[in-house]
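Accompanying notes for the structure given below.
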Amino acid sequence: MTPIISVTDLRKEFKVFRHHRGALGAFRNLVTREYKVVKAVDGIAFAIEPGELVGYLGPNGAGKSTTIKMLTGILVPTSGEICVSGRVPWRERRAHVARIGAVFGQRNTLWWDLPVVESLDLLRHIYRVPAERYTRNLATFRQLLALDEFLHTPVRSLSLGQLMRANLAAALLHDPDVLFLDEPTIGLDIVAKERIRQFIQRINRERGMTVILTTHDLSDVEKLCERVMMIDRGHLLFDGKLADLLRRFGGERELVVDFADEVLDAAVEGAQIVERDGPRVTYRFARDAISASELISRLSARYRLVDLSVREPEIEATVRRIYEERLLDNDGG
Amino acid sequence: MILGHTMRLYFKLIGIRVRAQMQYRLSFWVDLAGTGLATGVEFLTLAAVFGRFGSIGGWSLGEVAFLYGLVETAFATMDMIFSGFDPDFFSQQVRRGTFDQMLLRPVSLPLQIFASEFLLRRIGRMAQGLAVWGFSLTLTHIAWTPAKLLYLPVVTVSTVAFFGGLFVAGAALCFYTVQSIEAVNIFTYGGTYMLSYPMHIYDEWFRRFFIYIVPSALLVYYPALFFLDKPDPLGLPSFAPFLAPLAGFGTLLAAFALWWVGVRRYTSTGT
């Protein structure tokens, strides 16, 4: 299969001008142009096949949204190549954006003063969606996103979750080839998040829609994405299966044990104690050093156990550790 | 077919803006009356000056009213149609990321900006301008010829285009720096005030500036000489009154060229 998105040696540099303060400074700003070059995206490459759902991760300022802006055609790269559905985004802006959908964080794309249904109807004209296809798509999204409860409400009166649902429907009415989602669940409560996730999963599975998802919320990634790409300081650190990432770096699991009585010597070989709270002790152990059952049997041989639970490493903590300890820096990805 | 679609879309979007303004009916009418009244008061002040001096630089009240009416009507019309390019408004669009959203829509960018705002209440100022204009016609007794009748709408439209060009050029500056907008405002709003006085009372350098740099004189003053059958005190060639369309649409085209340079800069720097 030919990739639907291919990116080669993509770079984006920004000139950040130094501003001098004060009246004299203002004059200096006019005369001299002192600046430093910031490499927001510094030579990344990847290919995405049709129908993939890819999580694009990175801390703030890592180059995530710069990449997305270049993929959607809002920004022109300094160098390198992008091809989406056979088009160079910034060179054929109108043809390109007619075939993609994008939902950017909490940014609303609908008309503030119009009821949701009229906003969607306007988009039908903008994207020239044939009436029959529009009716069919609208019916689908009304059901999947439960739009009916606010279909006739003015956009400005929607809750954040409703706004996101309406914007998702708006981004998909014209059956785009690729859907770009930037922080689609930010600021939403758990129920609303779950609804959005299920929807993303369904349109990916049932319609074969290619989805690129950037998010801070790693539970989004955990539930949705098989493949993740990690970016930091403009470099692509990892591109592969989420499971592989966790296996490599998420080795540390935790075992929480409630002993029958408070024990003095709770130390056990193969694990270290991270927390003690009366009869409750939390151990941390490496996946490849000892198995959970082995650890439990060692402990139960010595003491009476009342309760225990094994905690898998949180993806969030794992990813944070990868960034903080720069585990992937010389790895190439 | 494509043009038809574009125009339908434009009117649909404009319709939304107008309906939104009408939701605050009282505010709309107060605003409409207010801007109209302000123009009226401005003109009455001007008339009072004439009451004292009889004429300014050989121009009677009726003749100045002709200039004033033309400029006011044209500016108000432009302000309504080009509301989306108003540097104040457009810079907000850029800062709030609304312009990014426009880049994500498969529709021409200027169309989206024209359709992003439409201040219907400018009709108040327009009506006032037309009233002053009508009033001037009762005072000046212009000797109408077919050429004058044909040329009057051309001059009006050209002046609208010229003022539009100032807005578009101002919008282009938004891509460079947001602070510079105030400078443009002085230019446009100050400009309308200045244009409604006879040109030659200004200093030589000022006159040159307006003829050559901001070709306003070609747009309003020289055509007015033609309509009012007045001699040209500056001695420019006799075709000078007919350069208005060139000056007006030339300015607008140049401004759009500048604006596209701004867009290209924006998409390559993202600031």
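All residue names refer to the structure tokens as shown: chains lettered A, B, ... in order, residues numbered from 1 in each chain, ligands numbered from 1 in order.
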Compile a residue-level contact table for chain A against chain B at a cut-off of 8 Å, reporting for every qualifying residue the shortest atom pair and its distance in Å to one decimal, with only C-alpha atoms counted, rows ordered by chain and ascending number, as a tab-separated table.
```
residue	atom	partner	partner_atom	distance
A:Phe14	CA	B:Thr269	CA	6.3
A:Lys15	CA	B:Thr269	CA	7.9
A:Thr72	CA	B:Leu104	CA	7.3
A:Gly73	CA	B:Leu104	CA	7.6
A:Ile74	CA	B:Thr267	CA	5.9
A:Leu75	CA	B:Thr267	CA	4.6
A:Val76	CA	B:Ser268	CA	4.9
A:Pro77	CA	B:Ser268	CA	6.9
A:Thr78	CA	B:Ser268	CA	7.6
A:Arg93	CA	B:Pro106	CA	7.4
A:Arg94	CA	B:Pro106	CA	4.3
A:Ala95	CA	B:Pro106	CA	6.7
A:His96	CA	B:Pro106	CA	7.9
A:Val97	CA	B:Leu104	CA	5.6
A:Ala98	CA	B:Pro106	CA	5.3
A:Ala102	CA	B:Leu104	CA	7.9
A:Thr109	CA	B:Gln101	CA	6.9
A:Asp113	CA	B:Ala20	CA	6.2
A:Leu114	CA	B:Ile16	CA	7.7
A:His125	CA	B:Leu9	CA	7.0
A:Ile126	CA	B:Val107	CA	6.9
A:Tyr127	CA	B:Pro106	CA	6.7
```
Selection near stretch 65-78 of chain B, 8 Å with only C-alpha atoms, sequence-local residues under 4 positions removed, as an MDAnalysis selection string
chainID B and resid 61 82:83 122:123 125:137 156:157 159:161 163:164 192 195:198 220:221 224
For the selection you just gave me, I'd like the residues written to a file as a compact mmCIF listing (two decimals), in the first residue's frame, keeping C-alpha atoms.
```
# COMPACT_ATOMS: atom_id res chain seq x y z
CA LEU B 61 -20.71 75.69 0.84
CA PHE B 82 -14.63 45.88 3.69
CA SER B 83 -15.54 45.44 7.38
CA ARG B 122 -22.74 51.89 8.36
CA ILE B 123 -25.93 52.58 6.41
CA ARG B 125 -23.33 57.16 7.82
CA MET B 126 -24.03 56.36 4.20
CA ALA B 127 -27.49 57.94 4.40
CA GLN B 128 -26.00 61.02 6.00
CA GLY B 129 -23.40 61.27 3.26
CA LEU B 130 -26.10 60.94 0.61
CA ALA B 131 -28.21 63.59 2.35
CA VAL B 132 -25.32 66.06 2.33
CA TRP B 133 -24.69 65.17 -1.29
CA GLY B 134 -28.33 65.74 -2.19
CA PHE B 135 -28.23 69.02 -0.30
CA SER B 136 -25.17 70.10 -2.29
CA LEU B 137 -27.01 69.49 -5.54
CA THR B 156 -17.95 56.85 -6.41
CA VAL B 157 -17.01 53.22 -6.99
CA THR B 159 -13.29 56.05 -4.27
CA VAL B 160 -14.80 53.03 -2.52
CA ALA B 161 -12.04 50.91 -4.10
CA PHE B 163 -10.54 53.41 0.64
CA GLY B 164 -10.88 49.63 0.44
CA THR B 192 -11.65 61.15 4.98
CA LEU B 195 -10.40 64.86 1.55
CA SER B 196 -13.59 66.71 2.21
CA TYR B 197 -11.82 70.07 2.20
CA PRO B 198 -10.72 71.67 -1.05
CA VAL B 220 -12.24 63.24 -5.36
CA TYR B 221 -10.81 66.67 -5.93
CA ALA B 224 -15.14 67.42 -8.40
```
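We find atom CA of A:Glu132 and atom CA of A:Asp182 to be spaced 29.6 Å apart.
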Find the residues near B:Pro241: any atom within 9 Å, counting only C-alpha atoms, skip ones fewer than 4 places away on the same chain, and give them as a VMD selection string.
chain B and resid 218 to 226 237
Kindly save the residues from that selection, with C-alpha atoms included, as a compact mmCIF listing (two decimals), in the first residue's frame.
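Here's the written file out.txt:
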```
# COMPACT_ATOMS: atom_id res chain seq x y z
CA LEU B 218 -7.21 62.27 -8.28
CA LEU B 219 -10.16 60.46 -6.78
CA VAL B 220 -12.24 63.24 -5.36
CA TYR B 221 -10.81 66.67 -5.93
CA TYR B 222 -10.14 66.53 -9.64
CA PRO B 223 -13.39 64.76 -10.49
CA ALA B 224 -15.14 67.42 -8.40
CA LEU B 225 -13.51 70.14 -10.51
CA PHE B 226 -14.96 68.41 -13.54
CA PRO B 237 -3.26 67.99 -17.68
```
Within 7 Å of stretch 187-202 of chain A using only C-alpha atoms, minus same-chain residues under 3 positions, as a ChimeraX atom specification:
/A:144,160-161,205-206,220,224
Go ahead and write the residues just picked, N, CA and C atoms, as a PDB file, in the first residue's frame.
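Writing done, so here's again_19.pdb:
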```pdb
ATOM      1  N   LEU A 144     -24.216   8.710  16.366  1.00  0.00           N
ATOM      2  CA  LEU A 144     -22.962   8.364  17.052  1.00  0.00           C
ATOM      3  C   LEU A 144     -22.545   9.399  18.091  1.00  0.00           C
ATOM      4  N   LEU A 160     -18.700  22.517  26.722  1.00  0.00           N
ATOM      5  CA  LEU A 160     -17.438  22.180  26.061  1.00  0.00           C
ATOM      6  C   LEU A 160     -17.508  20.834  25.344  1.00  0.00           C
ATOM      7  N   GLY A 161     -18.109  19.867  26.021  1.00  0.00           N
ATOM      8  CA  GLY A 161     -18.231  18.534  25.434  1.00  0.00           C
ATOM      9  C   GLY A 161     -19.107  18.544  24.189  1.00  0.00           C
ATOM     10  N   ARG A 205     -12.318   2.526  12.591  1.00  0.00           N
ATOM     11  CA  ARG A 205     -12.532   1.114  12.257  1.00  0.00           C
ATOM     12  C   ARG A 205     -13.560   0.921  11.160  1.00  0.00           C
ATOM     13  N   GLU A 206     -14.691   1.646  11.290  1.00  0.00           N
ATOM     14  CA  GLU A 206     -15.789   1.374  10.369  1.00  0.00           C
ATOM     15  C   GLU A 206     -15.647   2.099   9.045  1.00  0.00           C
ATOM     16  N   ASP A 220      -5.976   8.650  26.289  1.00  0.00           N
ATOM     17  CA  ASP A 220      -6.488   8.683  24.911  1.00  0.00           C
ATOM     18  C   ASP A 220      -5.665   7.734  24.047  1.00  0.00           C
ATOM     19  N   LEU A 224      -6.730   4.248  22.236  1.00  0.00           N
ATOM     20  CA  LEU A 224      -7.022   4.383  20.810  1.00  0.00           C
ATOM     21  C   LEU A 224      -5.906   3.934  19.873  1.00  0.00           C
TER      22      LEU A 224
END
```
In Å, rounded to a single decimal, give me how far atom CA of B:Trp260 is from atom CA of B:Phe85.
13.0 Å
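Computed from the coordinates, the atom CA of A:Val117 to atom CA of A:Asp175 distance equals 17.5 Å.
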Pick out the residues sitting within 9 Å of B:Ala172, and hand them over as a PyMOL selection string; count only C-alpha atoms, and ignore anything fewer than 2 positions along from it in its own chain.
chain B and resi 85+87+167-170+174-176+255-256+258-263
Could those selected residues go to a file with C-alpha atoms, as a PDB file, in the first residue's frame?
```
ATOM      1  CA  PHE B  85     -10.460  43.858   6.308  1.00  0.00           C
ATOM      2  CA  PRO B  87      -7.258  46.396  10.434  1.00  0.00           C
ATOM      3  CA  PHE B 167      -8.087  48.868   4.640  1.00  0.00           C
ATOM      4  CA  VAL B 168      -6.560  45.923   2.783  1.00  0.00           C
ATOM      5  CA  ALA B 169      -3.067  47.438   3.021  1.00  0.00           C
ATOM      6  CA  GLY B 170      -3.682  47.959   6.744  1.00  0.00           C
ATOM      7  CA  CYS B 174      -1.309  42.914  10.627  1.00  0.00           C
ATOM      8  CA  PHE B 175       0.870  40.063   9.427  1.00  0.00           C
ATOM      9  CA  TYR B 176       3.945  42.048  10.342  1.00  0.00           C
ATOM     10  CA  ALA B 255      -3.001  46.610  -1.619  1.00  0.00           C
ATOM     11  CA  PHE B 256      -4.133  43.066  -2.392  1.00  0.00           C
ATOM     12  CA  LEU B 258       0.793  43.493  -0.544  1.00  0.00           C
ATOM     13  CA  TRP B 259      -1.778  41.476   1.399  1.00  0.00           C
ATOM     14  CA  TRP B 260      -0.823  38.265  -0.388  1.00  0.00           C
ATOM     15  CA  VAL B 261       2.815  38.942   0.430  1.00  0.00           C
ATOM     16  CA  GLY B 262       1.658  39.221   4.051  1.00  0.00           C
ATOM     17  CA  VAL B 263      -0.216  35.915   3.828  1.00  0.00           C
TER      18      VAL B 263
END
```
Leaving out stretch 286-293 of chain A and any residue of its chain fewer than 3 positions from it, which residues lie within 10 Å of it when counting only C-alpha atoms, given as a PyMOL selection string?
chain A and resi 247+250-255+269-272+296-299+309-310+312
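Taking only C-alpha atoms, the non-local environment of stretch 56-62 of chain A within 6 Å (same-chain residues fewer than 6 positions away omitted) comprises Leu213, Thr214, Val228, Met229, Met230, Ile231, Asp232, Arg233 and Gly234 of chain A.
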Nearest to A:Val306: which of A:Val16, A:Met1, A:Glu262, A:Glu226 is it, counting only C-alpha atoms?
A:Glu262
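The closest residue to A:Trp112, picked from A:Thr140, A:Thr318, A:Ser157, A:Ser219 and counting only C-alpha atoms, is A:Ser157.
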